[in-house]
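Below is one structure, written out as structure tokens; comments come after it.
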Amino acid sequence: MAIDEMLLKILVCPENKTPVTLAESALIEGLNQRIAQGNLKNRGGSVVKEKIESGLLRADGKYLYPVREDIPIMLVEEAIEIQGESRN
């Protein structure tokens with residue numbers, strides 16, 4: 001993943017302004033499996049169809065902002081709720 005460390009330090013959740021951290025690969029793999037099965041929706045209610053390369057996890061661990069083509073998608077409606085996924 002090519003997000004610059006300086007950029008990562010200033011990025012925050014657009015909803016509650018808490019820090020975000022780079023998600024572990026196990027979490028991304030689990031989400032991509034759900035995307036392949038067609039049963040993962042974002043906060044806006046749309047089915048996520050495009051595989052994610054990486055993600056930025058909100059400090060409370062509730063939501064992940066996907067990263068595609070090295071670009072963090074920092075929109076509340078694009079966030080993916082993390083429930084029952086392995087976060088480590």
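Ligands are numbered from 1 in the order shown, residues from 1 within each chain, and chains are lettered A, B, ... in the order they appear in the structure tokens.
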Fewer than 2 positions away in the same chain doesn't count, so skip those; otherwise give me all residues within 10 Å of Leu8 of chain A, counting only C-alpha atoms, as a short mmCIF file (atom, residue, chain, number, x, y, z; two decimals) with N, CA and C atoms, in the first residue's frame.
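Okay, result_0.cif is ready:
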data_model
loop_
_atom_site.label_atom_id
_atom_site.label_comp_id
_atom_site.auth_asym_id
_atom_site.auth_seq_id
_atom_site.Cartn_x
_atom_site.Cartn_y
_atom_site.Cartn_z
N ILE A 3 0.12 4.56 0.71
CA ILE A 3 -0.30 5.81 1.35
C ILE A 3 0.89 6.37 2.11
N ASP A 4 1.20 7.59 1.83
CA ASP A 4 2.32 8.27 2.47
C ASP A 4 2.09 8.35 3.98
N GLU A 5 3.15 8.10 4.75
CA GLU A 5 3.06 8.13 6.21
C GLU A 5 2.58 9.48 6.73
N MET A 6 3.03 10.56 6.13
CA MET A 6 2.60 11.90 6.56
C MET A 6 1.10 12.08 6.32
N ILE A 10 -2.39 12.60 9.11
CA ILE A 10 -3.36 13.70 9.14
C ILE A 10 -4.78 13.27 8.76
N LEU A 11 -4.92 12.09 8.18
CA LEU A 11 -6.26 11.63 7.80
C LEU A 11 -7.06 11.27 9.05
N VAL A 12 -8.32 11.65 9.04
CA VAL A 12 -9.24 11.32 10.14
C VAL A 12 -10.58 10.89 9.54
N PRO A 19 -8.78 9.46 14.55
CA PRO A 19 -7.73 8.96 13.67
C PRO A 19 -8.12 7.65 12.98
N VAL A 20 -7.47 7.39 11.88
CA VAL A 20 -7.61 6.12 11.17
C VAL A 20 -6.25 5.47 11.07
N THR A 21 -6.25 4.15 11.03
CA THR A 21 -5.01 3.39 10.90
C THR A 21 -5.16 2.40 9.75
N LEU A 22 -4.05 1.97 9.24
CA LEU A 22 -4.03 0.99 8.17
C LEU A 22 -4.56 -0.34 8.67
N LEU A 56 -8.59 1.92 5.66
CA LEU A 56 -8.24 2.72 6.83
C LEU A 56 -9.33 2.50 7.86
N PRO A 72 -7.42 6.70 -0.73
CA PRO A 72 -8.38 6.45 0.33
C PRO A 72 -9.73 7.10 0.00
#
Picked from chain A by DSSP as strand (DSSP E or B), as a list in words | Val12, Pro19, Val20, Thr21, Leu22, Lys41, Val47, Ser54, Gly55, Leu56, Leu57, Arg58, Tyr63, Leu64, Tyr65, Pro66, Val67, Arg68, Ile71, Pro72, Ile80 and Glu81 of chain A
Export of prior selection with C-alpha atoms as an mmCIF file, in the first residue's frame:
data_model
loop_
_atom_site.group_PDB
_atom_site.id
_atom_site.type_symbol
_atom_site.label_atom_id
_atom_site.label_comp_id
_atom_site.auth_asym_id
_atom_site.auth_seq_id
_atom_site.Cartn_x
_atom_site.Cartn_y
_atom_site.Cartn_z
ATOM 1 C CA VAL A 12 -9.242 11.324 10.141
ATOM 2 C CA PRO A 19 -7.727 8.962 13.669
ATOM 3 C CA VAL A 20 -7.615 6.124 11.170
ATOM 4 C CA THR A 21 -5.009 3.387 10.895
ATOM 5 C CA LEU A 22 -4.033 0.995 8.166
ATOM 6 C CA LYS A 41 -22.876 -3.244 1.734
ATOM 7 C CA VAL A 47 -23.584 -3.447 -2.443
ATOM 8 C CA SER A 54 -6.452 -1.899 1.623
ATOM 9 C CA GLY A 55 -8.408 0.137 4.086
ATOM 10 C CA LEU A 56 -8.243 2.715 6.826
ATOM 11 C CA LEU A 57 -9.851 1.596 10.058
ATOM 12 C CA ARG A 58 -11.521 4.175 12.286
ATOM 13 C CA TYR A 63 -15.872 1.397 10.155
ATOM 14 C CA LEU A 64 -13.307 0.956 7.424
ATOM 15 C CA TYR A 65 -12.712 3.404 4.602
ATOM 16 C CA PRO A 66 -11.654 1.483 1.481
ATOM 17 C CA VAL A 67 -8.487 2.224 -0.468
ATOM 18 C CA ARG A 68 -8.586 1.660 -4.217
ATOM 19 C CA ILE A 71 -6.571 6.437 -3.032
ATOM 20 C CA PRO A 72 -8.384 6.448 0.331
ATOM 21 C CA ILE A 80 -17.851 -0.357 5.441
ATOM 22 C CA GLU A 81 -19.208 -1.394 8.820
#
For atom CA of Glu50 of chain A and atom CA of Leu7 of chain A, quote the distance in Å rounded to one decimal.
->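 Distance reported for this atom pair: 23.8 Å.
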Give me, please, the distance in Å between atom CA of Gly30 of chain A and atom CA of Asn42 of chain A, quoted to one decimal.
->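 Here the two named atoms are 14.8 Å from each other.
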Computed interatomic separation between atom CA of Leu75 of chain A and atom CA of Ala36 of chain A (Å) |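 Taking atom CA of Leu75 of chain A and atom CA of Ala36 of chain A, their separation equals 22.1 Å.
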Out of A:Ala26, A:Asn39, A:Ser46, A:Leu31, which residue has the shortest atom-to-atom distance to Glu78 of chain A when counting only C-alpha atoms?
-> A:Ser46
Report the residues of chain A whose backbone DSSP state falls under alpha helix (DSSP H), written as number ranges by chain.
-> A: 5-10, 25-37
